[in-house]
file query34.tsv (TSV, C-alpha atoms)
chain	number	residue	atom	x	y	z
Z	11	MET	CA	-26.17	-20.51	-2.30
Z	12	SER	CA	-24.53	-22.24	-5.23
Z	13	SER	CA	-20.81	-21.67	-5.70
Z	14	PRO	CA	-19.63	-19.74	-8.74
Z	15	SER	CA	-18.39	-21.66	-11.73
Z	16	VAL	CA	-14.63	-22.13	-11.91
Z	17	SER	CA	-12.79	-21.78	-15.17
Z	18	GLY	CA	-9.66	-23.71	-15.98
Z	19	SER	CA	-8.61	-27.05	-14.57
Z	20	ALA	CA	-10.45	-28.53	-11.65
Z	21	SER	CA	-7.46	-29.55	-9.55
Z	22	PRO	CA	-6.40	-26.05	-8.40
Z	23	SER	CA	-9.92	-25.18	-7.30
Z	24	VAL	CA	-10.26	-28.47	-5.44
Z	25	SER	CA	-7.02	-27.82	-3.55
Z	26	ARG	CA	-8.25	-24.36	-2.52
Z	27	ARG	CA	-11.67	-25.43	-1.20
Z	28	PRO	CA	-10.58	-26.18	2.41
Z	29	MET	CA	-8.77	-22.82	2.59
Z	30	ARG	CA	-11.80	-21.03	1.13
Z	31	ARG	CA	-14.15	-22.75	3.54
Z	32	GLU	CA	-11.92	-21.78	6.48
Z	33	LEU	CA	-11.86	-18.12	5.40
Z	34	LEU	CA	-15.60	-17.88	4.75
Z	35	GLU	CA	-17.06	-20.12	7.42
Z	36	GLY	CA	-14.45	-20.43	10.19
Z	37	PRO	CA	-14.59	-18.52	13.50
Z	38	ILE	CA	-13.39	-14.96	12.90
Z	39	ALA	CA	-11.10	-14.67	15.94
Z	40	THR	CA	-9.48	-18.07	15.40
Z	41	THR	CA	-9.02	-17.54	11.66
Z	42	LEU	CA	-7.62	-14.05	12.15
Z	43	LEU	CA	-5.14	-15.30	14.74
Z	44	ARG	CA	-4.09	-18.27	12.63
Z	45	LYS	CA	-3.53	-16.13	9.54
Z	46	THR	CA	-1.87	-13.23	11.35
Z	47	LEU	CA	0.73	-14.97	13.53
Z	48	PRO	CA	2.84	-16.35	10.62
Z	49	VAL	CA	2.91	-12.88	9.02
Z	50	ILE	CA	4.00	-11.27	12.30
Z	51	GLY	CA	6.77	-13.84	12.67
Z	52	GLY	CA	7.86	-13.27	9.08
Z	53	MET	CA	7.95	-9.49	9.52
Z	54	ILE	CA	10.06	-9.82	12.68
Z	55	ALA	CA	12.43	-12.06	10.70
Z	56	MET	CA	12.61	-9.45	7.94
Z	57	MET	CA	13.48	-6.71	10.43
Z	58	SER	CA	16.36	-8.85	11.64
Z	59	PHE	CA	18.08	-8.45	8.25
Z	60	ASN	CA	19.24	-4.90	8.94
Z	61	LEU	CA	19.86	-5.53	12.64
Z	62	VAL	CA	22.10	-8.49	11.87
Z	63	ASP	CA	23.92	-6.59	9.11
Z	64	THR	CA	24.50	-3.66	11.46
Z	65	TRP	CA	25.79	-5.90	14.25
Z	66	PHE	CA	28.33	-7.59	11.97
Z	67	ILE	CA	29.37	-4.46	10.07
Z	68	ALA	CA	29.96	-2.57	13.35
Z	69	ARG	CA	32.85	-4.95	13.98
Z	70	LEU	CA	34.56	-3.69	10.83
Z	71	GLY	CA	34.88	-0.14	12.17
Z	72	THR	CA	33.02	3.14	12.34
Z	73	GLU	CA	33.51	4.13	8.69
Z	74	PRO	CA	31.90	0.96	7.21
Z	75	LEU	CA	29.03	1.28	9.69
Z	76	ALA	CA	28.50	4.96	8.86
Z	77	ALA	CA	28.63	4.18	5.14
Z	78	VAL	CA	26.01	1.43	5.37
Z	79	SER	CA	23.77	3.71	7.46
Z	80	PHE	CA	23.66	6.05	4.45
Z	81	THR	CA	22.19	3.22	2.37
Z	82	PHE	CA	19.18	2.63	4.62
Z	83	PRO	CA	16.93	5.36	3.10
Z	84	VAL	CA	17.55	4.04	-0.40
Z	85	VAL	CA	17.09	0.40	0.63
Z	86	PHE	CA	13.86	1.18	2.47
Z	87	THR	CA	12.57	3.15	-0.53
Z	88	VAL	CA	12.98	0.11	-2.78
Z	89	ILE	CA	11.49	-2.17	-0.13
Z	90	SER	CA	8.52	0.20	0.29
Z	91	LEU	CA	7.96	0.09	-3.47
Z	92	ALA	CA	7.99	-3.71	-3.31
Z	93	ILE	CA	5.52	-3.65	-0.42
Z	94	GLY	CA	3.23	-1.36	-2.43
Z	95	LEU	CA	3.36	-3.76	-5.38
Z	96	GLY	CA	2.56	-6.60	-3.02
Z	97	ILE	CA	-0.46	-4.82	-1.54
Z	98	GLY	CA	-1.83	-4.08	-5.00
Z	99	THR	CA	-1.23	-7.66	-6.06
Z	100	SER	CA	-3.06	-9.03	-3.03
Z	101	ALA	CA	-6.05	-6.77	-3.71
Z	102	VAL	CA	-6.32	-7.68	-7.40
Z	103	VAL	CA	-5.75	-11.41	-6.93
Z	104	ALA	CA	-8.10	-11.64	-3.93
Z	105	ARG	CA	-10.84	-9.85	-5.86
Z	106	ARG	CA	-10.62	-12.24	-8.81
Z	107	LEU	CA	-10.40	-15.18	-6.44
Z	108	GLY	CA	-13.55	-14.05	-4.67
Z	109	GLN	CA	-15.32	-13.85	-8.03
Z	110	GLY	CA	-14.34	-17.45	-8.71
Z	111	ASP	CA	-12.46	-16.50	-11.87
Z	112	HIS	CA	-9.38	-18.67	-11.40
Z	113	GLU	CA	-8.17	-18.14	-14.96
Z	114	ALA	CA	-8.04	-14.39	-14.27
Z	115	VAL	CA	-6.23	-15.15	-11.00
Z	116	ARG	CA	-3.50	-16.94	-12.94
Z	117	ARG	CA	-3.22	-14.08	-15.41
Z	118	ARG	CA	-3.00	-11.42	-12.74
Z	119	ALA	CA	-0.53	-13.45	-10.66
Z	120	THR	CA	1.69	-13.94	-13.70
Z	121	ASP	CA	1.52	-10.26	-14.61
Z	122	ALA	CA	2.35	-9.24	-11.04
Z	123	ALA	CA	5.41	-11.51	-10.94
Z	124	LEU	CA	6.67	-10.18	-14.27
Z	125	LEU	CA	6.01	-6.59	-13.22
Z	126	ALA	CA	7.98	-7.17	-10.01
Z	127	LEU	CA	10.87	-8.55	-12.06
Z	128	ALA	CA	10.73	-5.55	-14.41
Z	129	VAL	CA	10.66	-3.10	-11.49
Z	130	GLY	CA	13.62	-4.86	-9.89
Z	131	LEU	CA	15.65	-4.66	-13.09
Z	132	ALA	CA	14.69	-0.98	-13.48
Z	133	MET	CA	15.88	-0.32	-9.92
Z	134	THR	CA	19.18	-1.99	-10.79
Z	135	LEU	CA	19.79	0.24	-13.81
Z	136	LEU	CA	18.57	3.41	-12.11
Z	137	GLY	CA	20.49	2.74	-8.92
Z	138	LEU	CA	23.81	1.99	-10.58
Z	139	ALA	CA	23.47	5.07	-12.80
Z	140	THR	CA	22.70	7.44	-9.91
Z	141	MET	CA	24.76	5.95	-7.08
Z	142	GLU	CA	27.49	8.58	-6.90
Z	143	PRO	CA	25.35	11.74	-7.17
Z	144	LEU	CA	22.58	10.36	-4.96
Z	145	PHE	CA	24.74	9.47	-1.99
Z	146	ARG	CA	26.81	12.63	-2.31
Z	147	LEU	CA	23.52	14.52	-2.19
Z	148	LEU	CA	22.67	12.62	1.00
Z	149	GLY	CA	25.92	13.88	2.53
Z	150	ALA	CA	28.39	11.03	2.10
Z	151	ASP	CA	32.01	12.21	1.91
Z	152	GLU	CA	35.07	10.79	0.16
Z	153	ALA	CA	35.95	8.57	3.10
Z	154	LEU	CA	32.57	6.80	3.00
Z	155	MET	CA	31.95	6.55	-0.74
Z	156	PRO	CA	34.21	3.49	-1.32
Z	157	HIS	CA	32.27	1.53	1.31
Z	158	ILE	CA	28.94	2.71	-0.15
Z	159	ARG	CA	30.03	1.61	-3.62
Z	160	ASP	CA	31.09	-1.78	-2.26
Z	161	TYR	CA	27.72	-2.29	-0.55
Z	162	MET	CA	25.23	-0.76	-2.98
Z	163	GLY	CA	27.04	-1.98	-6.10
Z	164	ILE	CA	26.11	-5.54	-5.12
Z	165	TRP	CA	22.76	-4.67	-3.53
Z	166	TYR	CA	21.54	-2.88	-6.67
Z	167	LEU	CA	22.51	-5.89	-8.82
Z	168	GLY	CA	20.20	-8.02	-6.68
Z	169	ALA	CA	17.29	-5.55	-6.48
Z	170	ALA	CA	15.02	-7.95	-8.40
Z	171	ALA	CA	15.70	-10.61	-5.77
Z	172	VAL	CA	14.43	-8.16	-3.14
Z	173	VAL	CA	11.27	-7.11	-5.01
Z	174	VAL	CA	10.04	-10.39	-6.55
Z	175	PRO	CA	9.68	-12.48	-3.35
Z	176	ARG	CA	7.50	-9.83	-1.73
Z	177	VAL	CA	5.07	-9.95	-4.65
Z	178	LEU	CA	5.07	-13.76	-4.73
Z	179	ASN	CA	4.35	-13.81	-1.00
Z	180	SER	CA	1.45	-11.43	-1.62
Z	181	ILE	CA	-0.06	-13.85	-4.13
Z	182	LEU	CA	0.02	-16.59	-1.52
Z	183	ARG	CA	-1.37	-14.24	1.12
Z	184	ALA	CA	-4.31	-13.39	-1.15
Z	185	HIS	CA	-5.12	-17.10	-1.19
Z	186	GLY	CA	-5.07	-17.23	2.60
Z	187	ASN	CA	-1.73	-19.04	2.74
Z	188	THR	CA	0.30	-17.11	5.31
Z	189	VAL	CA	2.20	-20.07	6.76
Z	190	THR	CA	4.38	-20.53	3.68
Z	191	GLN	CA	5.11	-16.80	3.62
Z	192	GLY	CA	6.19	-16.81	7.28
Z	193	LEU	CA	8.36	-19.89	6.84
Z	194	MET	CA	10.07	-18.45	3.75
Z	195	MET	CA	10.86	-15.19	5.54
Z	196	ALA	CA	12.25	-17.05	8.55
Z	197	LEU	CA	14.36	-19.24	6.23
Z	198	ALA	CA	15.77	-16.19	4.45
Z	199	ALA	CA	16.59	-14.48	7.76
Z	200	GLY	CA	18.40	-17.56	9.06
Z	201	VAL	CA	20.41	-17.91	5.86
Z	202	ASN	CA	21.31	-14.21	6.06
Z	203	VAL	CA	22.80	-14.66	9.54
Z	204	LEU	CA	25.05	-17.49	8.37
Z	205	LEU	CA	26.08	-15.78	5.15
Z	206	ASP	CA	26.83	-12.50	6.96
Z	207	TRP	CA	29.23	-14.30	9.26
Z	208	TRP	CA	30.87	-16.27	6.46
Z	209	LEU	CA	31.11	-13.53	3.83
Z	210	ILE	CA	31.92	-10.45	5.94
Z	211	PHE	CA	34.77	-11.97	7.94
Z	212	GLY	CA	35.68	-14.97	5.80
Z	213	VAL	CA	35.09	-18.46	7.21
Z	214	GLY	CA	36.57	-21.60	5.69
Z	215	PRO	CA	36.56	-21.34	1.89
Z	216	PHE	CA	34.74	-18.00	1.94
Z	217	PRO	CA	36.93	-14.89	1.51
Z	218	ALA	CA	36.55	-11.90	3.83
Z	219	MET	CA	34.54	-9.39	1.78
Z	220	GLY	CA	33.68	-6.75	4.37
Z	221	VAL	CA	30.63	-4.62	3.58
Z	222	SER	CA	30.39	-6.26	0.14
Z	223	GLY	CA	29.83	-9.55	1.94
Z	224	ALA	CA	26.91	-8.08	3.88
Z	225	ALA	CA	25.24	-6.95	0.66
Z	226	LEU	CA	25.91	-10.28	-1.04
Z	227	ALA	CA	24.48	-12.15	1.94
Z	228	THR	CA	21.27	-10.11	1.72
Z	229	VAL	CA	20.91	-10.62	-2.02
Z	230	LEU	CA	21.62	-14.36	-1.82
Z	231	SER	CA	19.12	-14.79	1.04
Z	232	TRP	CA	16.35	-13.04	-0.87
Z	233	GLY	CA	17.30	-14.87	-4.05
Z	234	LEU	CA	17.03	-18.19	-2.22
Z	235	MET	CA	13.56	-17.21	-1.07
Z	236	ALA	CA	12.55	-16.32	-4.64
Z	237	VAL	CA	13.78	-19.68	-5.95
Z	238	ALA	CA	12.02	-21.57	-3.15
Z	239	LEU	CA	8.76	-19.72	-3.86
Z	240	ALA	CA	9.10	-20.44	-7.58
Z	241	PHE	CA	9.03	-24.17	-6.77
Z	242	GLN	CA	6.17	-23.86	-4.30
Z	243	ARG	CA	3.32	-26.07	-5.54
Z	244	GLU	CA	0.54	-23.49	-5.33
Z	245	LEU	CA	2.55	-20.74	-7.00
Z	246	ARG	CA	3.68	-23.11	-9.77
Z	247	GLY	CA	0.03	-23.56	-10.65
Z	248	LEU	CA	-0.59	-19.78	-10.66
Z	249	ILE	CA	2.43	-18.42	-12.55
Z	250	ASP	CA	1.77	-19.27	-16.19
Z	251	LEU	CA	4.43	-18.13	-18.63
Z	252	ALA	CA	3.24	-20.24	-21.57
Z	253	GLY	CA	2.10	-18.29	-24.62
Z	254	LEU	CA	3.14	-14.85	-23.38
Z	255	THR	CA	3.77	-12.14	-25.96
Z	256	LEU	CA	4.64	-8.51	-25.45
Z	257	CYS	CA	1.64	-6.22	-25.20
Z	258	GLY	CA	3.63	-3.62	-27.10
Z	259	ALA	CA	3.39	-5.75	-30.23
Z	260	ASN	CA	-0.39	-5.63	-30.01
Z	261	VAL	CA	-0.30	-1.89	-29.39
Z	262	VAL	CA	1.75	-1.30	-32.54
Z	263	ALA	CA	-0.40	-3.64	-34.61
Z	264	SER	CA	-3.60	-2.01	-33.40
Z	265	ALA	CA	-2.24	1.47	-34.09
Z	266	GLN	CA	-1.17	0.45	-37.59
Z	267	ALA	CA	-4.58	-1.08	-38.27
Z	268	SER	CA	-6.40	2.02	-37.00
Z	269	TYR	CA	-4.16	4.29	-39.10
Z	270	THR	CA	-4.79	2.20	-42.23
Z	271	ALA	CA	-8.53	2.17	-41.63
Z	272	GLY	CA	-8.54	5.93	-41.17
Z	273	ARG	CA	-6.70	6.53	-44.44
Z	274	LEU	CA	-9.11	4.23	-46.29
Z	275	ARG	CA	-12.08	6.12	-44.89
Z	276	ARG	CA	-10.63	9.50	-45.88
Z	277	HIS	CA	-9.54	8.58	-49.39
Z	278	SER	CA	-12.15	6.02	-50.50
Z	279	PRO	CA	-15.70	6.87	-51.69
Z	280	GLY	CA	-18.10	5.67	-49.07
Z	281	GLY	CA	-15.15	4.90	-46.85
Z	282	ALA	CA	-17.08	5.92	-43.76
Z	283	HIS	CA	-18.94	2.61	-44.06
Z	284	LEU	CA	-15.79	0.47	-44.10
Z	285	PRO	CA	-15.65	-2.07	-41.26
Z	286	PRO	CA	-13.10	-1.54	-38.50
Z	287	VAL	CA	-9.80	-3.34	-38.92
Z	288	ALA	CA	-8.38	-3.53	-35.41
Z	289	PRO	CA	-10.81	-6.15	-34.05
Z	290	SER	CA	-9.53	-8.62	-36.62
Z	291	LEU	CA	-6.23	-8.75	-34.73
Z	292	GLY	CA	-7.74	-10.91	-32.02
Z	293	GLY	CA	-8.63	-8.23	-29.52
Z	294	GLN	CA	-10.52	-5.00	-29.07
Z	295	VAL	CA	-8.86	-1.62	-28.72
Z	296	ASN	CA	-9.89	-0.44	-25.28
Z	297	HIS	CA	-9.94	3.01	-23.74
Z	298	ARG	CA	-6.27	2.67	-22.77
Z	299	GLY	CA	-5.25	2.50	-26.42
Z	300	CYS	CA	-3.94	-1.04	-26.00
Z	301	SER	CA	-5.18	-4.18	-27.66
Z	302	ASP	CA	-7.17	-6.06	-25.07
Z	303	CYS	CA	-4.92	-9.05	-24.83
Z	304	TRP	CA	-7.30	-10.93	-22.52
Z	305	LEU	CA	-9.84	-11.37	-25.34
Z	306	SER	CA	-7.45	-13.13	-27.68
Z	307	SER	CA	-8.30	-16.78	-28.19
Z	308	SER	CA	-4.95	-17.83	-29.69
Z	309	HIS	CA	-2.58	-16.22	-27.22
Z	310	ARG	CA	-2.48	-13.75	-24.40
Z	311	SER	CA	-0.21	-10.83	-23.96
Z	312	CYS	CA	1.59	-9.54	-20.93
Z	313	CYS	CA	-0.19	-6.31	-19.99
Z	314	PHE	CA	0.70	-4.88	-16.61
Z	315	TRP	CA	-2.76	-3.63	-15.70

call {"tool": "encode", "arguments": {"input": "query34.tsv", "output": "structure tokens"}}
result
Amino acid sequence: MSSPSVSGSASPSVSRRPMRRELLEGPIATTLLRKTLPVIGGMIAMMSFNLVDTWFIARLGTEPLAAVSFTFPVVFTVISLAIGLGIGTSAVVARRLGQGDHEAVRRRATDAALLALAVGLAMTLLGLATMEPLFRLLGADEALMPHIRDYMGIWYLGAAAVVVPRVLNSILRAHGNTVTQGLMMALAAGVNVLLDWWLIFGVGPFPAMGVSGAALATVLSWGLMAVALAFQRELRGLIDLAGLTLCGANVVASAQASYTAGRLRRHSPGGAHLPPVAPSLGGQVNHRGCSDCWLSSSHRSCCFW
């Protein structure tokens, strides 16, 4: 069977051929084991984040430990949202990759990364705005709220650093690259152990920050993973930020064009036979009411679907 044609440059497709051949033609048991073990190791490393934080924070006293325990439901909610984004990203990217449409893979990977960043920033704003009422609703009292503010005030500021790496790892996982994902997670977990020790209790030039240090260690560890993934060779070829414009601009332009065309048809003799205006903007208005930015030949827009 002949392989599907590949759009875009030839080098990315050439670099993916051994991985594709392994996934499609390799022994199922061996391939499954080889792809699964790095993910298992990475997930164990991720679970160590909270265990390590708890172990260090317990040495500060019962109140800081109780306060941080109140943050776990909120933290896991954000992490679950990031995992959901990652699963959706893997499904969409893997589908396009299986179709051989590597240009669409780059578009979807870029959109997923930008969506993850937007969700992370939204979590920052929403979390900081609702911190006091939310944790009081969860049952935190006046003695615990200062510690919760110290921890979540920093954690919320780094929410994007928690969400984005999970989506970037999902893009790699869709390509069959689970080794890089596992290594990045292990690296982040190791850095978190060191930073927890240095920032919570103060070692050398680092000041003792208490529970704020635990949150900062987590955010810096995830941020380091995001930066490392951004420089990963395969992801650099997939995340394409050149020529991006906001989809909202196309939506407004299409709506204005449709409104103008409608007025011309209503008020001009024979206006019903006037040609449509919106397609002249470089895209078609689809059933979502948004200009189809993927059809534009001069630029592409950032649509998150």

call {"tool": "atom_distance", "arguments": {"input": "query34.tsv", "atom1": "CA of Leu204 (chain Z)", "atom2": "CA of Ile164 (chain Z)"}}
result
18.1 Å

call {"tool": "atom_distance", "arguments": {"input": "query34.tsv", "atom1": "CA of Met56 (chain Z)", "atom2": "CA of Ala198 (chain Z)"}}
result
8.2 Å

call {"tool": "closest_residue", "arguments": {"input": "query34.tsv", "among": "Z:Ala128, Z:Ala92, Z:Leu144, Z:Leu107", "to": "Gly186 (chain Z)", "atoms": "only C-alpha atoms"}}
result
Z:Leu107

call {"tool": "atom_distance", "arguments": {"input": "query34.tsv", "atom1": "CA of Phe241 (chain Z)", "atom2": "CA of Val173 (chain Z)"}}
result
17.3 Å

call {"tool": "closest_residue", "arguments": {"input": "query34.tsv", "among": "Z:Phe216, Z:Trp207, Z:Tyr161, Z:Tyr166", "to": "Thr134 (chain Z)", "atoms": "only C-alpha atoms"}}
result
Z:Tyr166

call {"tool": "build_atoms", "arguments": {"input": "query34.tsv", "residues": "region 210-221 of chain Z", "atoms": "all heavy atoms", "output": "short mmCIF file (atom, residue, chain, number, x, y, z; two decimals), keeping the file's coordinate frame"}}
result
data_model
loop_
_atom_site.label_atom_id
_atom_site.label_comp_id
_atom_site.auth_asym_id
_atom_site.auth_seq_id
_atom_site.Cartn_x
_atom_site.Cartn_y
_atom_site.Cartn_z
N ILE Z 210 31.33 -11.70 5.46
CA ILE Z 210 31.92 -10.45 5.94
C ILE Z 210 33.33 -10.70 6.47
O ILE Z 210 34.27 -9.97 6.13
CB ILE Z 210 31.03 -9.82 7.02
CG1 ILE Z 210 29.69 -9.35 6.41
CG2 ILE Z 210 31.74 -8.63 7.67
CD1 ILE Z 210 28.72 -8.80 7.43
N PHE Z 211 33.48 -11.75 7.29
CA PHE Z 211 34.77 -11.97 7.94
C PHE Z 211 35.60 -13.07 7.27
O PHE Z 211 36.79 -13.16 7.51
CB PHE Z 211 34.55 -12.33 9.42
CG PHE Z 211 33.75 -11.30 10.16
CD1 PHE Z 211 32.46 -11.55 10.58
CD2 PHE Z 211 34.29 -10.05 10.42
CE1 PHE Z 211 31.73 -10.60 11.26
CE2 PHE Z 211 33.57 -9.09 11.11
CZ PHE Z 211 32.29 -9.35 11.52
N GLY Z 212 34.96 -13.89 6.45
CA GLY Z 212 35.68 -14.97 5.80
C GLY Z 212 35.81 -16.18 6.70
O GLY Z 212 36.58 -16.16 7.66
N VAL Z 213 35.06 -17.23 6.42
CA VAL Z 213 35.09 -18.46 7.21
C VAL Z 213 35.31 -19.63 6.26
O VAL Z 213 34.56 -19.79 5.28
CB VAL Z 213 33.79 -18.66 8.00
CG1 VAL Z 213 33.80 -19.99 8.75
CG2 VAL Z 213 33.59 -17.52 8.99
N GLY Z 214 36.30 -20.44 6.53
CA GLY Z 214 36.57 -21.60 5.69
C GLY Z 214 36.94 -21.17 4.28
O GLY Z 214 37.83 -20.33 4.07
N PRO Z 215 36.22 -21.69 3.28
CA PRO Z 215 36.56 -21.34 1.89
C PRO Z 215 36.08 -19.96 1.47
O PRO Z 215 36.43 -19.49 0.39
CB PRO Z 215 35.83 -22.43 1.08
CG PRO Z 215 34.65 -22.80 1.93
CD PRO Z 215 35.13 -22.68 3.35
N PHE Z 216 35.28 -19.30 2.31
CA PHE Z 216 34.74 -18.00 1.94
C PHE Z 216 35.76 -16.90 2.23
O PHE Z 216 36.33 -16.83 3.32
CB PHE Z 216 33.45 -17.70 2.71
CG PHE Z 216 32.34 -18.66 2.41
CD1 PHE Z 216 32.11 -19.77 3.23
CD2 PHE Z 216 31.53 -18.48 1.31
CE1 PHE Z 216 31.10 -20.65 2.96
CE2 PHE Z 216 30.51 -19.36 1.03
CZ PHE Z 216 30.29 -20.45 1.85
N PRO Z 217 36.00 -16.00 1.27
CA PRO Z 217 36.93 -14.89 1.51
C PRO Z 217 36.27 -13.81 2.36
O PRO Z 217 35.04 -13.68 2.38
CB PRO Z 217 37.23 -14.37 0.11
CG PRO Z 217 35.99 -14.69 -0.68
CD PRO Z 217 35.47 -15.99 -0.12
N ALA Z 218 37.07 -13.03 3.06
CA ALA Z 218 36.55 -11.90 3.83
C ALA Z 218 36.25 -10.75 2.87
O ALA Z 218 37.14 -10.19 2.25
CB ALA Z 218 37.57 -11.47 4.88
N MET Z 219 34.97 -10.39 2.75
CA MET Z 219 34.54 -9.39 1.78
C MET Z 219 34.13 -8.07 2.41
O MET Z 219 33.82 -7.11 1.70
CB MET Z 219 33.38 -9.94 0.94
CG MET Z 219 33.71 -11.20 0.15
SD MET Z 219 32.28 -11.87 -0.74
CE MET Z 219 31.89 -10.50 -1.85
N GLY Z 220 34.07 -8.00 3.72
CA GLY Z 220 33.68 -6.75 4.37
C GLY Z 220 32.25 -6.37 4.09
O GLY Z 220 31.34 -7.23 4.08
N VAL Z 221 32.00 -5.08 3.82
CA VAL Z 221 30.63 -4.62 3.58
C VAL Z 221 30.05 -5.24 2.31
O VAL Z 221 28.83 -5.42 2.21
CB VAL Z 221 30.58 -3.09 3.51
CG1 VAL Z 221 30.90 -2.47 4.86
CG2 VAL Z 221 31.50 -2.54 2.44
#
